[in-house]
Amino acid sequence: MTEKPDQGKQAPATSRQRAKGENYNLSGDFHGAVINIKSTILSNDEVKDIENLPPEPGEAPFQGLQYFDEQDAGRFFGRELLVAKIVARLASTRFLAVIGASGSGKSSVVRAGVLPALRSGERLADGGLPPTDSGQWDIRIFTPSAHPLEALAASLTRDSESVSAAAAMRSDLEQDHHALALSARRLLSQTGRKHLLLVIDQFEEIFTQCKQEAER
């Protein structure tokens, strides 16, 4: 026999019956859950304050908001197949755009994944190999900033002993749209390399930071 609820009393509200906008204090239960998690991670007998624990020795494996660079290749994981796909595309095209949402790791993939793979020439995650002699490519990388031609000129003349080389290069780039191709050929003849790979990191800065239409 089922007892009917007292008509003069309001039955407890279930989660589906709760009025819209009604607030509930779950801090006690949540606090207990956090304590249980801490107990499981650290000790079943004693709860310690995680925030006050000293940092582990050695270099942190995560960069935070900073991208992974070539020197970080040894601790850059999880994008091996993407790296292999990009490297394979470089064997058949002269222009390749790596596109993705802000913060998705584009710079890290290129800097800590693609470039080390090209330099090493070793077999990739998909079983393929980088382009022939990619370890001998002359690789230049720059970020456009507000003055992309200046940044490009500095990258192309980084090995020059002349303090005016970058300024002269920028002037050439401003005056002649063939200057980049001519400069690349001259650079390769000087270095003895067969290919020049020019990496433009943060390419969108050409439009978001550069204010001079002619320089774009």
# chains A, B, ... in the order shown; residues from 1 in each chain; ligands from 1
>>> residues_around(residues="Ser134 (chain A)", least_positions_apart="2", cutoff="12 Å", atoms="only C-alpha atoms", output="short mmCIF file (atom, residue, chain, number, x, y, z; two decimals) with C-alpha atoms, in the first residue's frame")
data_model
loop_
_atom_site.label_atom_id
_atom_site.label_comp_id
_atom_site.auth_asym_id
_atom_site.auth_seq_id
_atom_site.Cartn_x
_atom_site.Cartn_y
_atom_site.Cartn_z
CA VAL A 87 57.18 16.85 -44.65
CA ALA A 88 55.79 14.70 -47.47
CA LEU A 90 57.19 19.70 -48.99
CA ALA A 91 58.64 17.19 -51.44
CA VAL A 114 58.96 19.52 -39.23
CA LEU A 115 62.32 21.30 -39.13
CA PRO A 116 64.09 18.65 -36.99
CA ALA A 117 62.62 15.93 -39.24
CA LEU A 118 64.01 17.65 -42.33
CA ARG A 119 67.42 18.15 -40.76
CA SER A 120 67.73 14.56 -39.51
CA GLY A 121 66.54 12.85 -42.70
CA GLU A 122 65.38 9.89 -40.62
CA LEU A 129 61.34 9.53 -45.62
CA PRO A 130 61.95 13.28 -45.88
CA PRO A 131 62.93 14.71 -49.28
CA THR A 132 66.35 13.70 -50.53
CA GLN A 136 71.38 19.98 -46.43
CA TRP A 137 68.63 22.52 -47.02
CA ASP A 138 69.28 26.09 -45.99
CA ILE A 139 66.42 26.81 -43.58
CA ARG A 193 73.16 24.32 -50.58
CA LYS A 194 70.65 23.18 -53.20
CA HIS A 195 67.41 24.36 -51.63
CA LEU A 196 66.25 27.27 -49.49
CA LEU A 197 63.30 26.72 -47.14
#
>>> select_by_dssp(residues="region 95-212 of chain A", states="alpha helix (DSSP H)", output="PyMOL selection string")
chain A and resi 106-108+115-120+148-156+165-175+179-191+205-208
>>> residues_around(residues="Ala165 (chain A)", least_positions_apart="5", cutoff="9 Å", atoms="only C-alpha atoms", output="NGL selection string")
:A and (153-154 or 157-158 or 160 or 170)
>>> closest_residue(among="A:Pro61, A:Leu198, A:Phe95, A:Gly103", to="Ala184 (chain A)", atoms="only C-alpha atoms")
A:Leu198
>>> closest_residue(among="A:Gly192, A:Ala179, A:Ser155, A:Pro148", to="Cys210 (chain A)", atoms="only C-alpha atoms")
A:Pro148
>>> decode(residues="region 116-156 of chain A", atoms="N, CA and C atoms", output="compact mmCIF listing (two decimals), in the first residue's frame")
# COMPACT_ATOMS: atom_id res chain seq x y z
N PRO A 116 63.18 19.72 -37.41
CA PRO A 116 64.09 18.65 -36.99
C PRO A 116 64.00 17.41 -37.88
N ALA A 117 62.78 17.10 -38.36
CA ALA A 117 62.62 15.93 -39.24
C ALA A 117 63.37 16.14 -40.56
N LEU A 118 63.30 17.35 -41.09
CA LEU A 118 64.01 17.65 -42.33
C LEU A 118 65.52 17.59 -42.12
N ARG A 119 65.98 18.12 -41.02
CA ARG A 119 67.42 18.15 -40.76
C ARG A 119 67.99 16.75 -40.52
N SER A 120 67.22 15.90 -39.85
CA SER A 120 67.73 14.56 -39.51
C SER A 120 67.70 13.62 -40.70
N GLY A 121 66.67 13.75 -41.55
CA GLY A 121 66.54 12.85 -42.70
C GLY A 121 66.13 11.44 -42.33
N GLU A 122 65.73 11.23 -41.08
CA GLU A 122 65.38 9.89 -40.62
C GLU A 122 63.95 9.53 -41.02
N ARG A 123 63.63 8.23 -40.93
CA ARG A 123 62.31 7.74 -41.31
C ARG A 123 61.24 8.36 -40.42
N LEU A 124 60.10 8.66 -41.04
CA LEU A 124 59.02 9.35 -40.34
C LEU A 124 58.03 8.36 -39.73
N ALA A 125 57.05 8.89 -38.99
CA ALA A 125 56.10 8.04 -38.28
C ALA A 125 55.24 7.20 -39.21
N ASP A 126 55.00 7.67 -40.43
CA ASP A 126 54.18 6.91 -41.38
C ASP A 126 55.01 5.97 -42.24
N GLY A 127 56.29 5.87 -41.95
CA GLY A 127 57.16 4.97 -42.70
C GLY A 127 57.89 5.63 -43.85
N GLY A 128 57.49 6.86 -44.19
CA GLY A 128 58.13 7.56 -45.30
C GLY A 128 59.43 8.22 -44.88
N LEU A 129 60.09 8.83 -45.86
CA LEU A 129 61.34 9.53 -45.62
C LEU A 129 61.21 10.99 -46.06
N PRO A 130 61.95 11.88 -45.44
CA PRO A 130 61.95 13.28 -45.88
C PRO A 130 62.52 13.38 -47.29
N PRO A 131 62.35 14.53 -47.94
CA PRO A 131 62.93 14.71 -49.28
C PRO A 131 64.43 14.45 -49.28
N THR A 132 64.93 14.00 -50.41
CA THR A 132 66.35 13.70 -50.53
C THR A 132 67.20 14.93 -50.20
N ASP A 133 68.22 14.72 -49.39
CA ASP A 133 69.15 15.79 -49.01
C ASP A 133 68.49 16.92 -48.23
N SER A 134 67.34 16.66 -47.60
CA SER A 134 66.69 17.73 -46.83
C SER A 134 67.57 18.19 -45.67
N GLY A 135 68.46 17.32 -45.22
CA GLY A 135 69.37 17.70 -44.16
C GLY A 135 70.36 18.77 -44.58
N GLN A 136 70.48 18.97 -45.90
CA GLN A 136 71.38 19.98 -46.43
C GLN A 136 70.66 21.24 -46.88
N TRP A 137 69.37 21.31 -46.64
CA TRP A 137 68.63 22.52 -47.02
C TRP A 137 69.07 23.69 -46.15
N ASP A 138 69.04 24.86 -46.75
CA ASP A 138 69.28 26.09 -45.99
C ASP A 138 67.92 26.56 -45.47
N ILE A 139 67.72 26.49 -44.18
CA ILE A 139 66.42 26.81 -43.58
C ILE A 139 66.50 28.16 -42.87
N ARG A 140 65.64 29.06 -43.27
CA ARG A 140 65.56 30.39 -42.64
C ARG A 140 64.15 30.58 -42.11
N ILE A 141 64.04 31.08 -40.90
CA ILE A 141 62.73 31.28 -40.29
C ILE A 141 62.66 32.69 -39.71
N PHE A 142 61.52 33.33 -39.90
CA PHE A 142 61.35 34.67 -39.34
C PHE A 142 59.88 34.93 -39.06
N THR A 143 59.65 35.92 -38.20
CA THR A 143 58.30 36.37 -37.86
C THR A 143 58.14 37.78 -38.42
N PRO A 144 57.10 38.04 -39.21
CA PRO A 144 56.98 39.32 -39.93
C PRO A 144 57.03 40.56 -39.06
N SER A 145 56.31 40.56 -37.94
CA SER A 145 56.17 41.73 -37.07
C SER A 145 55.58 42.90 -37.86
N ALA A 146 55.83 44.11 -37.39
CA ALA A 146 55.26 45.29 -38.06
C ALA A 146 56.04 45.67 -39.32
N HIS A 147 57.25 45.10 -39.47
CA HIS A 147 58.09 45.42 -40.63
C HIS A 147 58.59 44.12 -41.26
N PRO A 148 57.75 43.46 -42.04
CA PRO A 148 58.10 42.14 -42.58
C PRO A 148 59.32 42.14 -43.49
N LEU A 149 59.52 43.18 -44.30
CA LEU A 149 60.68 43.20 -45.18
C LEU A 149 61.98 43.31 -44.38
N GLU A 150 61.93 44.06 -43.31
CA GLU A 150 63.10 44.17 -42.44
C GLU A 150 63.41 42.83 -41.78
N ALA A 151 62.37 42.14 -41.32
CA ALA A 151 62.56 40.83 -40.70
C ALA A 151 63.07 39.80 -41.71
N LEU A 152 62.54 39.85 -42.92
CA LEU A 152 62.99 38.94 -43.98
C LEU A 152 64.44 39.20 -44.33
N ALA A 153 64.80 40.46 -44.48
CA ALA A 153 66.18 40.82 -44.83
C ALA A 153 67.15 40.37 -43.74
N ALA A 154 66.76 40.54 -42.48
CA ALA A 154 67.62 40.13 -41.38
C ALA A 154 67.83 38.62 -41.38
N SER A 155 66.78 37.87 -41.73
CA SER A 155 66.89 36.41 -41.77
C SER A 155 67.81 35.95 -42.89
N LEU A 156 67.68 36.57 -44.05
CA LEU A 156 68.48 36.16 -45.21
C LEU A 156 69.95 36.55 -45.07
